[in-house]
Amino acid sequence: MEFDDLQRAWQAQNPAAQVTIKADLLLKEVRRNERSFWSTIFWRDVREVSAAVFLTAWWSYDGWRHHAWPYFLCALICAGVGVFMLVDRAAQKKTQPTFNGTLKSCLDASLAQVTHQIWLLKNVFWWYLLPLLVASAISMSYENLHMRHFDKGAAVGAMLAALLVACFFRWVYRLNQAAVARRLDPRREELEALLASLR
Amino acid sequence: MTSREREAIFRRWFEEHLGLMLKVVRGCTATPQDQDDLLQDILLQLWSSIPSFRSEAKETTWIYRVAFNTAMAWRRGERRRRESHELFARYDLSPQLQPSHVDALPAQEIVEKLYAAIRELPKVDASLALMQLDGLSYQEMAEVLGISENYIGVKLTRIRKQLAEQLKGATDGIR
């Protein structure tokens with residue numbers, strides 16, 4: 001059988017006759033999906049920035065209450081992390097793939113986005129964890145320096161808190177690296193293969 | 001663009017080009033669940049794309065772009081974004097042919113086998129095969145994919161041979 005025969009058989013099909021669509025329900029569904037999509041994006045952004053915002057507020061309040069500049073420094077570091085995340089998100093929104101562009105441009109944009117996401121997660125220690133660690137260290141050192149009497153209980157508590165923070169940060173770091181290995185690296189390879197097949 | 005205009009365009013595209021979208025969906029996914037999922041994703045992207053649509057652009061090219069780009073980004077088993085899974089469509093996804101076609105049943109089997117063969121191709125080749133079977137010109141394909149017509153020609157020669165070869169054994173018993 002030649003390709004022309006296949007094409008004739010293909011063009012004789014009428015796939016639209018196979019589907020019965022309730023048009024009003026479809027429109028309602030598409031609108032709801034659109035709202036749901038943007039709401040998911042919004043709450044994801046809020047979730048990611050909320051830790052930095054919470055810590056900024058917390059240390060600002062401590063700084064104001066104790067009139068201590070190191071707490072304001074901690075608040076400033078946390079605010080910096082939050083601003084970095086917001087600026088990065090805004091910059092990424094400008095370069096996100098448009099589904100009405102050519103396949104090549106869409107793949108290029110998707111690959112750039114995934115590569116950037118990999119870079120962010122691989123370097124999460126430097127732009128997220130380290131600043132928060134520094135802020136925690138400043139805060140703890142300041143509190144220890146200003147203790148009037150040595151309190152064994154408080155010292156043990158501080159050590160336990162430091163251990164807990166270290167464990168939490170390690171968990172966050174590993175979570176990010178696992179996301180890169182399980183989700184983003186395969187996606188990048190897939191996009192690279194698709195782009196290679198267009199070259 | 002007002003909400004009413006957007007809705008009117010969407011309804012018209014949907015009525016006129018649903019067949020095109022279903023072909024892409026069936027060429028990229030095998031199970032009814034995946035087909036439903038991908039079709040809804042394509043329709044969502046199509047709805048989102050309407051405000052940036054300019055009338056000088058060709059509608060079929062636009063819809064092919066949205067459909068293929070969505071199909072390339074779509075991944076099986078990925079958690080669905082949708083809140084609701086209320087089905088707006090009732091499917092009978094076995095291929096049906098125009099009543100005027102003489103050898104309706106054998107041709108129907110050929111189309112079924114063609115879909116299966118297309119799904120076996122690499123994604124970009126599958127998109128080219130779908131457009132070629134639909135009778136798009138090289139220029140139109142180049143506008144959808146963003147690659148040169150020469151390259152499309154080279155690729156299609158290989159894809160046509162591959163499909164004919166794959167379907168050779170399968171269609172021998174049909175006619």
# chains A, B, ... in the order shown; residues from 1 in each chain; ligands from 1

call {"tool": "residues_around", "arguments": {"residues": "Ile147 of chain B", "least_positions_apart": "6", "cutoff": "9 Å", "atoms": "only C-alpha atoms", "output": "list of chain:residue names"}}
result
A:Thr102, A:Leu103, A:Lys104, A:Leu198, A:Arg199, B:Met141

call {"tool": "interface_residues", "arguments": {"of": "chain A", "to": "chain B", "cutoff": "9 Å", "atoms": "only C-alpha atoms", "output": "JSON, numbers by chain"}}
result
{"A": [1, 2, 3, 4, 6, 7, 8, 9, 10, 11, 12, 13, 14, 15, 16, 17, 18, 19, 20, 21, 22, 23, 24, 25, 26, 27, 29, 30, 31, 32, 33, 34, 36, 37, 40, 98, 99, 100, 101, 102, 103, 104, 105, 106, 107, 110, 191, 194, 195, 197, 198, 199]}

call {"tool": "residues_around", "arguments": {"residues": "Ala68 of chain A", "least_positions_apart": "5", "cutoff": "12 Å", "atoms": "only C-alpha atoms", "output": "compact mmCIF listing (two decimals) with all heavy atoms, in the first residue's frame"}}
result
# COMPACT_ATOMS: atom_id res chain seq x y z
N TRP A 59 11.68 38.80 62.63
CA TRP A 59 12.91 39.47 63.09
C TRP A 59 12.75 40.99 63.15
O TRP A 59 13.37 41.64 63.99
CB TRP A 59 14.09 39.05 62.22
CG TRP A 59 14.76 37.81 62.76
CD1 TRP A 59 15.08 37.58 64.06
CD2 TRP A 59 15.16 36.65 62.03
NE1 TRP A 59 15.67 36.35 64.20
CE2 TRP A 59 15.75 35.74 62.98
CE3 TRP A 59 15.13 36.27 60.72
CZ2 TRP A 59 16.26 34.51 62.63
CZ3 TRP A 59 15.65 35.04 60.37
CH2 TRP A 59 16.20 34.17 61.30
N SER A 60 11.90 41.51 62.30
CA SER A 60 11.64 42.96 62.39
C SER A 60 10.98 43.27 63.72
O SER A 60 11.33 44.26 64.40
CB SER A 60 10.71 43.42 61.26
OG SER A 60 11.32 43.21 60.03
N TYR A 61 10.03 42.42 64.10
CA TYR A 61 9.33 42.63 65.36
C TYR A 61 10.31 42.50 66.53
O TYR A 61 10.31 43.33 67.45
CB TYR A 61 8.19 41.60 65.48
CG TYR A 61 7.48 41.66 66.81
CD1 TYR A 61 6.67 42.75 67.13
CD2 TYR A 61 7.62 40.63 67.75
CE1 TYR A 61 6.03 42.81 68.36
CE2 TYR A 61 6.97 40.68 68.97
CZ TYR A 61 6.18 41.77 69.27
OH TYR A 61 5.56 41.83 70.49
N ASP A 62 11.19 41.47 66.47
CA ASP A 62 12.19 41.28 67.52
C ASP A 62 13.11 42.49 67.61
O ASP A 62 13.47 42.95 68.69
CB ASP A 62 13.03 40.03 67.23
CG ASP A 62 12.52 38.83 68.01
OD1 ASP A 62 11.51 38.98 68.73
OD2 ASP A 62 13.11 37.74 67.87
N GLY A 63 13.55 42.98 66.45
CA GLY A 63 14.44 44.14 66.39
C GLY A 63 13.78 45.37 67.00
O GLY A 63 14.40 46.12 67.76
N LEU A 73 19.11 43.19 60.82
CA LEU A 73 19.99 42.64 59.78
C LEU A 73 19.43 41.29 59.28
O LEU A 73 19.38 41.02 58.07
CB LEU A 73 21.40 42.46 60.34
CG LEU A 73 22.45 41.94 59.34
CD1 LEU A 73 22.63 42.91 58.18
CD2 LEU A 73 23.79 41.70 60.03
N CYS A 74 18.99 40.49 60.28
CA CYS A 74 18.38 39.18 59.92
C CYS A 74 17.14 39.40 59.05
O CYS A 74 16.94 38.69 58.05
CB CYS A 74 17.96 38.42 61.17
SG CYS A 74 19.34 37.96 62.20
N ALA A 75 16.32 40.38 59.46
CA ALA A 75 15.08 40.67 58.70
C ALA A 75 15.44 41.10 57.28
O ALA A 75 14.79 40.69 56.31
CB ALA A 75 14.29 41.77 59.40
N ILE A 138 23.31 34.74 63.24
CA ILE A 138 23.42 36.09 63.82
C ILE A 138 22.49 36.22 65.02
O ILE A 138 22.88 36.68 66.10
CB ILE A 138 23.06 37.17 62.76
CG1 ILE A 138 24.14 37.22 61.68
CG2 ILE A 138 22.90 38.55 63.41
CD1 ILE A 138 23.77 38.11 60.50
N SER A 139 21.26 35.76 64.82
CA SER A 139 20.26 35.88 65.88
C SER A 139 20.69 35.10 67.12
O SER A 139 20.64 35.61 68.24
CB SER A 139 18.93 35.36 65.33
OG SER A 139 18.07 35.08 66.36
N TYR A 142 23.77 36.66 68.87
CA TYR A 142 23.41 37.89 69.59
C TYR A 142 22.74 37.54 70.92
O TYR A 142 23.08 38.12 71.96
CB TYR A 142 22.47 38.73 68.72
CG TYR A 142 22.03 40.01 69.41
CD1 TYR A 142 22.87 41.12 69.46
CD2 TYR A 142 20.78 40.08 70.02
CE1 TYR A 142 22.47 42.27 70.10
CE2 TYR A 142 20.37 41.24 70.65
CZ TYR A 142 21.23 42.33 70.69
OH TYR A 142 20.83 43.48 71.34
N GLU A 143 21.84 36.56 70.86
CA GLU A 143 21.13 36.17 72.08
C GLU A 143 22.11 35.60 73.11
O GLU A 143 22.03 35.92 74.30
CB GLU A 143 20.04 35.14 71.76
CG GLU A 143 18.77 35.81 71.27
CD GLU A 143 17.83 34.84 70.58
OE1 GLU A 143 17.87 33.65 70.92
OE2 GLU A 143 17.07 35.30 69.72
N HIS A 146 24.27 38.26 74.80
CA HIS A 146 23.56 39.14 75.73
C HIS A 146 22.88 38.42 76.88
O HIS A 146 22.11 39.01 77.61
CB HIS A 146 22.55 39.99 74.95
CG HIS A 146 23.23 41.05 74.16
ND1 HIS A 146 23.87 40.77 72.97
CD2 HIS A 146 23.45 42.36 74.41
CE1 HIS A 146 24.41 41.89 72.51
NE2 HIS A 146 24.18 42.87 73.37

call {"tool": "closest_residue", "arguments": {"among": "A:Ser50, A:Ser136, A:Gln177, A:Ser39", "to": "Leu164 of chain A", "atoms": "only C-alpha atoms"}}
result
A:Ser136

call {"tool": "atom_distance", "arguments": {"atom1": "atom CA of Val49 of chain A", "atom2": "atom CA of Asp88 of chain A"}}
result
11.6 Å

call {"tool": "atom_distance", "arguments": {"atom1": "atom CA of Phe150 of chain A", "atom2": "atom CA of Leu130 of chain A"}}
result
28.5 Å

call {"tool": "closest_residue", "arguments": {"among": "A:Leu120, A:Leu129, A:Leu76, A:Ala52", "to": "Val180 of chain A", "atoms": "only C-alpha atoms"}}
result
A:Leu120

call {"tool": "atom_distance", "arguments": {"atom1": "atom CA of Val83 of chain A", "atom2": "atom CA of Pro131 of chain A"}}
result
12.7 Å

call {"tool": "select_by_dssp", "arguments": {"residues": "segment 133-168 of chain A", "states": "helix (DSSP H, G or I)", "output": "number ranges by chain"}}
result
A: 133-145, 152-168
